[in-house]
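J.: Input structure: start_24.txt, which contains compact mmCIF, C-alpha atoms and all ligand atoms.
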```txt
# COMPACT_ATOMS: atom_id res chain seq x y z
CA MET A 1 0.00 0.00 0.00
CA THR A 2 1.55 3.30 -1.10
CA ALA A 3 0.60 6.13 1.20
CA ARG A 4 2.03 9.46 2.26
CA LEU A 5 0.45 12.66 3.45
CA THR A 6 2.61 15.69 3.98
CA ALA A 7 1.61 19.24 4.84
CA LYS A 8 3.96 22.16 5.31
CA ASP A 9 3.23 25.35 7.15
CA LEU A 10 -0.54 25.26 6.66
CA ALA A 11 -2.76 28.18 7.56
CA CYS A 12 -6.55 28.16 7.37
CA ARG A 13 -8.85 31.14 7.05
CA ARG A 14 -12.64 30.89 7.20
CA GLY A 15 -14.53 34.07 6.48
CA GLU A 16 -12.60 36.85 8.15
CA ARG A 17 -10.93 34.61 10.75
CA LEU A 18 -7.55 32.97 10.61
CA LEU A 19 -8.16 29.70 12.46
CA PHE A 20 -4.68 28.21 12.62
CA ARG A 21 -1.24 28.72 11.13
CA GLY A 22 2.20 27.13 11.00
CA LEU A 23 0.83 23.58 10.99
CA SER A 24 2.97 20.86 9.45
CA LEU A 25 2.57 17.09 9.41
CA ASP A 26 4.15 14.11 7.71
CA CYS A 27 2.23 10.82 7.78
CA MET A 28 3.91 7.65 6.56
CA PRO A 29 2.47 4.17 6.01
CA GLY A 30 1.24 2.83 9.33
CA ASP A 31 0.74 6.24 10.93
CA ALA A 32 -2.42 7.19 12.78
CA LEU A 33 -2.76 10.85 13.68
CA HIS A 34 -5.30 12.25 16.12
CA VAL A 35 -6.30 15.87 15.41
CA ALA A 36 -7.70 17.14 18.68
CA GLY A 37 -9.31 20.39 19.77
CA ALA A 38 -12.48 22.04 21.00
CA ASN A 39 -15.60 22.72 18.93
CA GLY A 40 -15.04 25.33 16.25
CA ILE A 41 -11.25 25.32 16.43
CA GLY A 42 -10.86 24.09 12.84
CA LYS A 43 -10.63 20.27 12.89
CA SER A 44 -13.14 19.79 10.05
CA SER A 45 -11.50 22.59 8.11
CA LEU A 46 -8.11 20.85 8.41
CA ILE A 47 -9.59 17.53 7.25
CA ARG A 48 -11.18 19.26 4.24
CA ILE A 49 -7.88 20.96 3.42
CA LEU A 50 -6.05 17.62 3.61
CA ALA A 51 -8.72 16.05 1.37
CA GLY A 52 -8.27 18.80 -1.22
CA LEU A 53 -11.81 20.13 -0.76
CA LEU A 54 -10.75 23.42 0.80
CA ARG A 55 -7.87 25.59 -0.28
CA PRO A 56 -5.45 26.46 2.52
CA PHE A 57 -4.80 30.14 3.15
CA ALA A 58 -1.09 29.28 3.11
CA GLY A 59 1.07 26.19 2.92
CA GLU A 60 1.51 23.11 0.76
CA ILE A 61 0.19 19.57 0.76
CA GLU A 62 1.49 16.45 -0.92
CA ARG A 63 -0.64 13.33 -1.16
CA GLU A 64 0.29 9.85 -2.28
CA GLY A 65 -2.43 7.22 -2.47
CA ALA A 66 -6.18 7.53 -2.84
CA ILE A 67 -8.07 9.42 -0.14
CA GLY A 68 -11.10 8.03 1.66
CA LEU A 69 -13.03 10.78 3.46
CA VAL A 70 -15.72 10.22 6.08
CA ASP A 71 -17.51 13.26 7.47
CA GLU A 72 -21.07 14.04 8.49
CA ARG A 73 -22.32 13.70 4.90
CA LEU A 74 -23.44 10.26 3.79
CA ALA A 75 -22.78 9.67 0.10
CA LEU A 76 -25.52 7.08 -0.34
CA ASP A 77 -28.86 7.37 -2.17
CA GLU A 78 -31.40 8.20 0.56
CA ALA A 79 -34.26 6.65 -1.42
CA LEU A 80 -32.69 3.21 -1.83
CA PRO A 81 -32.60 0.35 0.66
CA LEU A 82 -29.15 0.29 2.27
CA GLY A 83 -28.13 -2.94 0.51
CA LYS A 84 -28.85 -1.48 -2.94
CA ALA A 85 -27.30 1.88 -2.09
CA LEU A 86 -24.05 0.19 -0.99
CA ALA A 87 -24.10 -2.21 -3.95
CA PHE A 88 -24.16 0.74 -6.39
CA TRP A 89 -20.80 1.90 -5.06
CA GLU A 90 -19.35 -1.58 -4.53
CA SER A 91 -19.28 -2.15 -8.28
CA LEU A 92 -17.89 1.33 -9.04
CA ASP A 93 -15.25 1.00 -6.31
CA GLY A 94 -14.25 -2.46 -7.49
CA CYS A 95 -14.87 -3.89 -4.03
CA ARG A 96 -13.93 -7.58 -3.93
CA ASP A 97 -15.36 -8.50 -0.54
CA PRO A 98 -18.41 -6.36 0.32
CA GLY A 99 -19.53 -8.91 2.92
CA ARG A 100 -16.56 -8.05 5.15
CA ALA A 101 -17.75 -4.51 5.89
CA LEU A 102 -21.34 -5.69 6.47
CA GLU A 103 -20.10 -8.25 8.97
CA LEU A 104 -17.60 -5.99 10.74
CA LEU A 105 -20.06 -3.11 11.06
CA GLN A 106 -23.07 -5.32 11.76
CA LEU A 107 -25.14 -3.97 8.89
CA ARG A 108 -26.62 -7.20 7.57
CA GLU A 109 -30.00 -6.81 9.26
CA LEU A 110 -30.35 -3.29 7.80
CA MET A 111 -29.98 -4.19 4.13
CA ASP A 112 -33.70 -3.65 3.35
CA VAL A 113 -34.07 -0.39 5.31
CA PRO A 114 -34.19 2.78 3.16
CA VAL A 115 -31.13 4.92 3.81
CA ARG A 116 -33.32 7.88 4.88
CA TYR A 117 -34.74 5.80 7.76
CA LEU A 118 -31.35 4.90 9.27
CA SER A 119 -30.54 6.21 12.74
CA THR A 120 -27.52 8.46 13.35
CA GLY A 121 -25.31 5.56 14.42
CA GLN A 122 -26.56 3.34 11.60
CA ARG A 123 -25.79 6.08 9.06
CA LYS A 124 -22.29 6.40 10.46
CA ARG A 125 -21.78 2.64 10.21
CA ALA A 126 -22.97 2.77 6.58
CA ALA A 127 -20.47 5.55 5.84
CA LEU A 128 -17.68 3.48 7.40
CA ALA A 129 -18.74 0.45 5.32
CA ARG A 130 -18.30 2.53 2.18
CA LEU A 131 -14.88 3.58 3.41
CA LEU A 132 -13.82 -0.05 3.96
CA ASN A 133 -15.17 -1.09 0.57
CA ARG A 134 -13.16 1.57 -1.25
CA GLY A 135 -9.82 0.20 -0.07
CA CYS A 136 -8.18 3.66 -0.02
CA PRO A 137 -4.76 3.82 1.67
CA VAL A 138 -5.31 7.28 3.22
CA TRP A 139 -8.28 7.65 5.57
CA LEU A 140 -9.41 11.13 6.58
CA LEU A 141 -12.03 10.78 9.30
CA ASP A 142 -13.97 13.69 10.74
CA GLU A 143 -15.54 12.74 14.08
CA PRO A 144 -15.93 9.08 13.04
CA LEU A 145 -17.17 7.97 16.47
CA ASN A 146 -20.10 10.41 16.60
CA GLY A 147 -23.34 8.51 16.96
CA LEU A 148 -21.69 5.10 17.45
CA ASP A 149 -22.44 3.09 20.57
CA ARG A 150 -19.55 1.73 22.69
CA GLN A 151 -19.45 -1.60 20.88
CA ALA A 152 -19.38 -0.01 17.42
CA GLN A 153 -16.75 2.49 18.59
CA ALA A 154 -14.44 -0.29 19.77
CA ALA A 155 -15.02 -2.23 16.54
CA PHE A 156 -14.13 0.81 14.45
CA GLU A 157 -11.03 1.60 16.52
CA ALA A 158 -9.88 -1.97 15.84
CA LEU A 159 -10.51 -1.47 12.10
CA VAL A 160 -8.37 1.67 12.07
CA ALA A 161 -5.58 -0.23 13.84
CA GLN A 162 -5.85 -2.99 11.24
CA HIS A 163 -5.77 -0.44 8.40
CA CYS A 164 -2.58 1.10 9.76
CA GLN A 165 -0.95 -2.28 10.41
CA GLY A 166 -1.54 -2.99 6.72
CA GLY A 167 0.42 0.14 5.74
CA GLY A 168 -2.46 2.60 5.58
CA ILE A 169 -2.64 6.09 7.06
CA ALA A 170 -5.46 7.38 9.25
CA VAL A 171 -6.00 11.00 10.25
CA VAL A 172 -8.78 11.23 12.81
CA ALA A 173 -10.30 14.55 13.83
CA SER A 174 -12.13 14.03 17.07
CA HIS A 175 -12.93 16.00 20.18
CA GLN A 176 -13.17 12.72 22.07
CA ASP A 177 -10.51 10.11 22.81
CA PHE A 178 -9.82 7.66 20.03
CA ALA A 179 -7.71 4.54 20.61
CA LEU A 180 -5.11 4.75 17.85
CA PRO A 181 -2.18 2.42 17.23
CA SER A 182 0.45 5.17 17.15
CA PRO A 183 0.67 8.09 19.54
CA LEU A 184 0.78 10.89 16.93
CA ARG A 185 -1.34 13.83 17.95
CA ILE A 186 -1.90 17.40 16.84
CA ASP A 187 -3.65 19.70 19.28
CA LEU A 188 -5.04 22.48 17.10
CA ALA A 189 -5.08 24.92 20.02
CA GLU A 190 -1.28 25.03 19.73
CA TYR A 191 -1.60 26.46 16.21
CA ALA A 192 -4.34 28.97 16.92
CA ALA A 193 -3.75 32.23 15.05
N1 LIG B 1 -17.74 28.60 5.15
C1 LIG B 1 -17.40 29.21 6.29
N2 LIG B 1 -17.31 30.55 6.36
C2 LIG B 1 -16.96 31.16 7.50
N3 LIG B 1 -16.68 30.53 8.64
C3 LIG B 1 -16.76 29.19 8.62
C4 LIG B 1 -17.12 28.45 7.47
N4 LIG B 1 -17.11 27.15 7.76
C5 LIG B 1 -16.73 27.07 9.05
N5 LIG B 1 -16.52 28.27 9.57
C6 LIG B 1 -16.08 28.58 10.94
O1 LIG B 1 -14.77 28.07 11.11
C7 LIG B 1 -14.60 27.60 12.44
C8 LIG B 1 -14.05 26.20 12.41
O2 LIG B 1 -15.02 25.31 11.91
P1 LIG B 1 -14.71 23.74 11.85
O3 LIG B 1 -15.98 23.09 11.39
O4 LIG B 1 -13.48 23.50 11.07
O5 LIG B 1 -14.43 23.43 13.40
P2 LIG B 1 -14.33 22.04 14.19
O6 LIG B 1 -13.11 22.12 15.05
O7 LIG B 1 -14.39 20.90 13.24
O8 LIG B 1 -15.64 22.10 15.09
P3 LIG B 1 -16.58 20.91 15.70
O9 LIG B 1 -15.77 20.18 16.74
O10 LIG B 1 -17.71 21.69 16.29
O11 LIG B 1 -17.00 20.05 14.54
C9 LIG B 1 -15.95 27.73 13.14
O12 LIG B 1 -15.92 28.89 13.93
C10 LIG B 1 -16.93 27.88 11.98
O13 LIG B 1 -18.03 28.68 12.35
```
Just give me the structure of the file as structure tokens.
Ligand SMILES: Nc1ncnc2c1ncn2[C@@H]1O[C@H](COP(=O)(O)OP(=O)(O)OP(=O)(O)O)[C@@H](O)[C@H]1O
T.:
Amino acid sequence: MTARLTAKDLACRRGERLLFRGLSLDCMPGDALHVAGANGIGKSSLIRILAGLLRPFAGEIEREGAIGLVDERLALDEALPLGKALAFWESLDGCRDPGRALELLQLRELMDVPVRYLSTGQRKRAALARLLNRGCPVWLLDEPLNGLDRQAQAAFEALVAQHCQGGGIAVVASHQDFALPSPLRIDLAEYAA
């Protein structure tokens, strides 16, 4: 798995406010980075910058390997039953073992439920299933534990550890603790402008 995510001297401005500056990181295969900080400090903004969805006010980013982003938006057809909505992407993503994600995230009994009827935690598990099915080496996760019960949280923490052991990278923005396999951590308060 080829993966690398490097950022040099990033600054982020939203509206009239400079949120953070002077932020650099260098993630190699196997690295798991926790981006921590209070509400509104800029965690989601940093994830979007790293994903290439938001232009940094300053700084440079280099990415190697496909990016898998999970945030509060669920990229599944709300009108379809979950099984069909996931299957649409499984073929496009070239997923070879869609059953694995269903098993690991305990989604099997929800296959016939329309996506729009899923609960918050069920929607999050569906988003994580899509992430697993894509097989991207670089995971960018914005508050991935939100809405998950304790059991699902532990299961997902184990999946992130597995991903990193296999040479992947995970960047996890979370205001809560997240059990990660390596102790890398960025506290955004230290880069506040
Ligand atoms: N498009 C925008 N224009 C102006 N300000 C914005 C915009 N989007 C976000 N902001 C502001 O930027 C700040 C950082 O937002 P961001 O969502 O990155 O924070 P966060 O650390 O992820 O917060 P939370 O933990 O609540 O999710 C907030 O004060 C927010 O109001």
J.: Please return as a list in words the residues found within 6 Å of ligand LIG 1 (chain B), counting only C-alpha atoms and all ligand atoms.
T.: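 What falls inside 6 Å of ligand LIG 1 (chain B) is Arg14, Gly15, Ala38, Asn39, Gly40, Ile41, Gly42, Lys43, Ser44 and Ser45 of chain A.
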J.: Given only C-alpha atoms as the basis, pick out the residue of A:Leu82, A:Val70, A:Leu18, A:Ala173 nearest to Leu118 of chain A.
T.: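 So, comparing all the options, the nearest one is A:Leu82.
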J.: Quick one: residues within 6 Å of Ala85 of chain A, only C-alpha atoms counted, chain neighbours fewer than 4 positions away excluded, as an MDAnalysis selection string?
T.: chainID A and resid 76:77 80
J.: Using C-alpha atoms, can you export the residues from the last selection as a compact mmCIF listing (two decimals), in the coordinates of the input?
T.:
```
# COMPACT_ATOMS: atom_id res chain seq x y z
CA LEU A 76 -25.52 7.08 -0.34
CA ASP A 77 -28.86 7.37 -2.17
CA LEU A 80 -32.69 3.21 -1.83
```
J.: Can you measure atom CA of Pro81 of chain A to atom CA of Thr120 of chain A for me? One decimal in Å is fine.
T.: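 Computed distance, atom CA of Pro81 of chain A to atom CA of Thr120 of chain A, equals 15.9 Å.
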J.: Can you measure atom CA of Lys8 of chain A to atom CA of Leu23 of chain A for me? One decimal in Å is fine.
T.: 6.6 Å
J.: To one decimal in Å, tell me the separation between atom CA of Ile49 of chain A and atom CA of Ala170 of chain A.
T.: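 Computing the Euclidean distance for atom CA of Ile49 of chain A and atom CA of Ala170 of chain A yields 15.0 Å.
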J.: So, counting all atoms listed in the file, which residue among A:Arg108, A:Arg185, A:His175, A:Arg123 is closest to Asp26 of chain A?
T.: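 Ranking A:Arg108, A:Arg185, A:His175, A:Arg123 by distance to Asp26 of chain A, first place goes to A:Arg185.
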J.: Could you check the closest approach to Leu180 of chain A for each of A:Ala129, A:Ala87, A:Ala192, A:Ala154 and tell me which residue wins, using all atoms listed in the file?
T.: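 Checking each of A:Ala129, A:Ala87, A:Ala192, A:Ala154 against Leu180 of chain A, counting all atoms listed in the file, the winner is A:Ala154.
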J.: Name the residues in contact with Leu10 of chain A at a cut-off of 7 Å, using all atoms listed in the file, excluding same-chain residues fewer than 4 positions from it; report them as a PyMOL selection string.
T.: chain A and resi 21-24+56+58-60
J.: Restrict the selected residues to C-alpha atoms and save them as an mmCIF file, in the coordinates of the input.
T.:
```cif
data_model
loop_
_atom_site.group_PDB
_atom_site.id
_atom_site.type_symbol
_atom_site.label_atom_id
_atom_site.label_comp_id
_atom_site.auth_asym_id
_atom_site.auth_seq_id
_atom_site.Cartn_x
_atom_site.Cartn_y
_atom_site.Cartn_z
ATOM 1 C CA ARG A 21 -1.240 28.720 11.130
ATOM 2 C CA GLY A 22 2.200 27.130 11.000
ATOM 3 C CA LEU A 23 0.830 23.580 10.990
ATOM 4 C CA SER A 24 2.970 20.860 9.450
ATOM 5 C CA PRO A 56 -5.450 26.460 2.520
ATOM 6 C CA ALA A 58 -1.090 29.280 3.110
ATOM 7 C CA GLY A 59 1.070 26.190 2.920
ATOM 8 C CA GLU A 60 1.510 23.110 0.760
#
```
J.: Looking at A:Glu62, A:Ala75, A:Tyr117, A:Leu131, which one is nearest to Asp93 of chain A, with distances taken over only C-alpha atoms?
T.: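 For Asp93 of chain A, the nearest of the given residues is A:Leu131.
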J.: Would you mind telling me which residue in A:Ala152, A:Val115, A:Leu110, A:Leu5 lies nearest to Asp31 of chain A when using all atoms listed in the file?
T.: A:Leu5
J.: Show me as a list in words the residues that reach within 9 Å of (1.6, 6.9, 0.5), counting only C-alpha atoms and using the file's own coordinates.
T.: Met1, Thr2, Ala3, Arg4, Leu5, Cys27, Met28, Pro29, Arg63, Glu64, Gly65, Ala66, Pro137, Val138, Gly167, Gly168 and Ile169 of chain A
J.: Within 8 Å of Ala51 of chain A, counting only C-alpha atoms, which residues show up once you throw out same-chain ones fewer than 5 positions away? Write them as a PDB file with C-alpha atoms, in the frame of the given file, please.
T.:
```pdb
ATOM      1  CA  ILE A  67      -8.070   9.420  -0.140  1.00  0.00           C
ATOM      2  CA  LEU A  69     -13.030  10.780   3.460  1.00  0.00           C
ATOM      3  CA  LEU A 140      -9.410  11.130   6.580  1.00  0.00           C
TER       4      LEU A 140
END
```
J.: Which is closest to Leu148 of chain A among A:Ile47, A:Ala127, A:Ala161, A:Glu90, if we use only C-alpha atoms?
T.: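 Selected residue with least distance to Leu148 of chain A: A:Ala127.
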J.: Might you pull out every residue within 7 Å of Phe20 of chain A, with only C-alpha atoms counted and same-chain residues fewer than 4 positions away left off, and present them as number ranges by chain?
T.: A: 11-12, 191-193
J.: For segment 145-180 of chain A, supply N, CA and C atoms and format the output as a short mmCIF file (atom, residue, chain, number, x, y, z; two decimals), in the coordinates of the input.
T.:
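Output file out-v6.cif is given in full below:
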```
data_model
loop_
_atom_site.label_atom_id
_atom_site.label_comp_id
_atom_site.auth_asym_id
_atom_site.auth_seq_id
_atom_site.Cartn_x
_atom_site.Cartn_y
_atom_site.Cartn_z
N LEU A 145 -16.48 8.70 15.40
CA LEU A 145 -17.17 7.97 16.47
C LEU A 145 -18.53 8.57 16.81
N ASN A 146 -18.82 9.76 16.28
CA ASN A 146 -20.10 10.41 16.60
C ASN A 146 -21.27 9.51 16.26
N GLY A 147 -22.13 9.30 17.22
CA GLY A 147 -23.34 8.51 16.96
C GLY A 147 -23.15 7.02 17.15
N LEU A 148 -21.91 6.54 17.27
CA LEU A 148 -21.69 5.10 17.45
C LEU A 148 -21.81 4.72 18.92
N ASP A 149 -22.41 3.56 19.19
CA ASP A 149 -22.44 3.09 20.57
C ASP A 149 -21.07 2.52 20.94
N ARG A 150 -20.88 2.16 22.21
CA ARG A 150 -19.55 1.73 22.69
C ARG A 150 -19.00 0.56 21.88
N GLN A 151 -19.89 -0.39 21.60
CA GLN A 151 -19.45 -1.60 20.88
C GLN A 151 -18.98 -1.25 19.46
N ALA A 152 -19.75 -0.40 18.79
CA ALA A 152 -19.38 -0.01 17.42
C ALA A 152 -18.12 0.85 17.44
N GLN A 153 -17.96 1.68 18.48
CA GLN A 153 -16.75 2.49 18.59
C GLN A 153 -15.51 1.60 18.69
N ALA A 154 -15.60 0.61 19.57
CA ALA A 154 -14.44 -0.29 19.77
C ALA A 154 -14.15 -1.05 18.48
N ALA A 155 -15.21 -1.49 17.79
CA ALA A 155 -15.02 -2.23 16.54
C ALA A 155 -14.32 -1.34 15.52
N PHE A 156 -14.73 -0.06 15.45
CA PHE A 156 -14.13 0.81 14.45
C PHE A 156 -12.69 1.16 14.82
N GLU A 157 -12.42 1.34 16.11
CA GLU A 157 -11.03 1.60 16.52
C GLU A 157 -10.13 0.42 16.11
N ALA A 158 -10.66 -0.78 16.24
CA ALA A 158 -9.88 -1.97 15.84
C ALA A 158 -9.66 -1.98 14.32
N LEU A 159 -10.66 -1.51 13.56
CA LEU A 159 -10.51 -1.47 12.10
C LEU A 159 -9.45 -0.46 11.67
N VAL A 160 -9.40 0.66 12.38
CA VAL A 160 -8.37 1.67 12.07
C VAL A 160 -6.99 1.09 12.37
N ALA A 161 -6.87 0.39 13.49
CA ALA A 161 -5.58 -0.23 13.84
C ALA A 161 -5.16 -1.22 12.76
N GLN A 162 -6.12 -1.99 12.29
CA GLN A 162 -5.85 -2.99 11.24
C GLN A 162 -5.40 -2.30 9.94
N HIS A 163 -6.09 -1.21 9.61
CA HIS A 163 -5.77 -0.44 8.40
C HIS A 163 -4.32 0.05 8.46
N CYS A 164 -3.93 0.57 9.62
CA CYS A 164 -2.58 1.10 9.76
C CYS A 164 -1.54 -0.03 9.77
N GLN A 165 -1.89 -1.14 10.42
CA GLN A 165 -0.95 -2.28 10.41
C GLN A 165 -0.69 -2.76 8.99
N GLY A 166 -1.68 -2.58 8.12
CA GLY A 166 -1.54 -2.99 6.72
C GLY A 166 -0.85 -1.93 5.87
N GLY A 167 -0.32 -0.88 6.49
CA GLY A 167 0.42 0.14 5.74
C GLY A 167 -0.41 1.35 5.36
N GLY A 168 -1.64 1.43 5.85
CA GLY A 168 -2.46 2.60 5.58
C GLY A 168 -2.15 3.75 6.51
N ILE A 169 -2.75 4.88 6.21
CA ILE A 169 -2.64 6.09 7.06
C ILE A 169 -4.04 6.45 7.52
N ALA A 170 -4.16 6.89 8.77
CA ALA A 170 -5.46 7.38 9.25
C ALA A 170 -5.25 8.71 9.96
N VAL A 171 -5.98 9.71 9.54
CA VAL A 171 -6.00 11.00 10.25
C VAL A 171 -7.40 11.15 10.81
N VAL A 172 -7.48 11.24 12.13
CA VAL A 172 -8.78 11.23 12.81
C VAL A 172 -8.99 12.54 13.56
N ALA A 173 -9.95 13.34 13.09
CA ALA A 173 -10.30 14.55 13.83
C ALA A 173 -11.40 14.19 14.80
N SER A 174 -11.13 14.41 16.08
CA SER A 174 -12.13 14.03 17.07
C SER A 174 -11.93 14.82 18.35
N HIS A 175 -13.05 15.30 18.91
CA HIS A 175 -12.93 16.00 20.18
C HIS A 175 -12.92 15.01 21.34
N GLN A 176 -13.21 13.73 21.02
CA GLN A 176 -13.17 12.72 22.07
C GLN A 176 -11.97 11.79 21.86
N ASP A 177 -11.64 11.03 22.91
CA ASP A 177 -10.51 10.11 22.81
C ASP A 177 -10.78 9.06 21.76
N PHE A 178 -9.71 8.66 21.08
CA PHE A 178 -9.82 7.66 20.03
C PHE A 178 -8.61 6.75 20.19
N ALA A 179 -8.84 5.46 20.40
CA ALA A 179 -7.71 4.54 20.61
C ALA A 179 -7.02 4.28 19.27
N LEU A 180 -5.84 4.89 19.10
CA LEU A 180 -5.11 4.75 17.85
C LEU A 180 -3.83 3.97 18.09
#
```
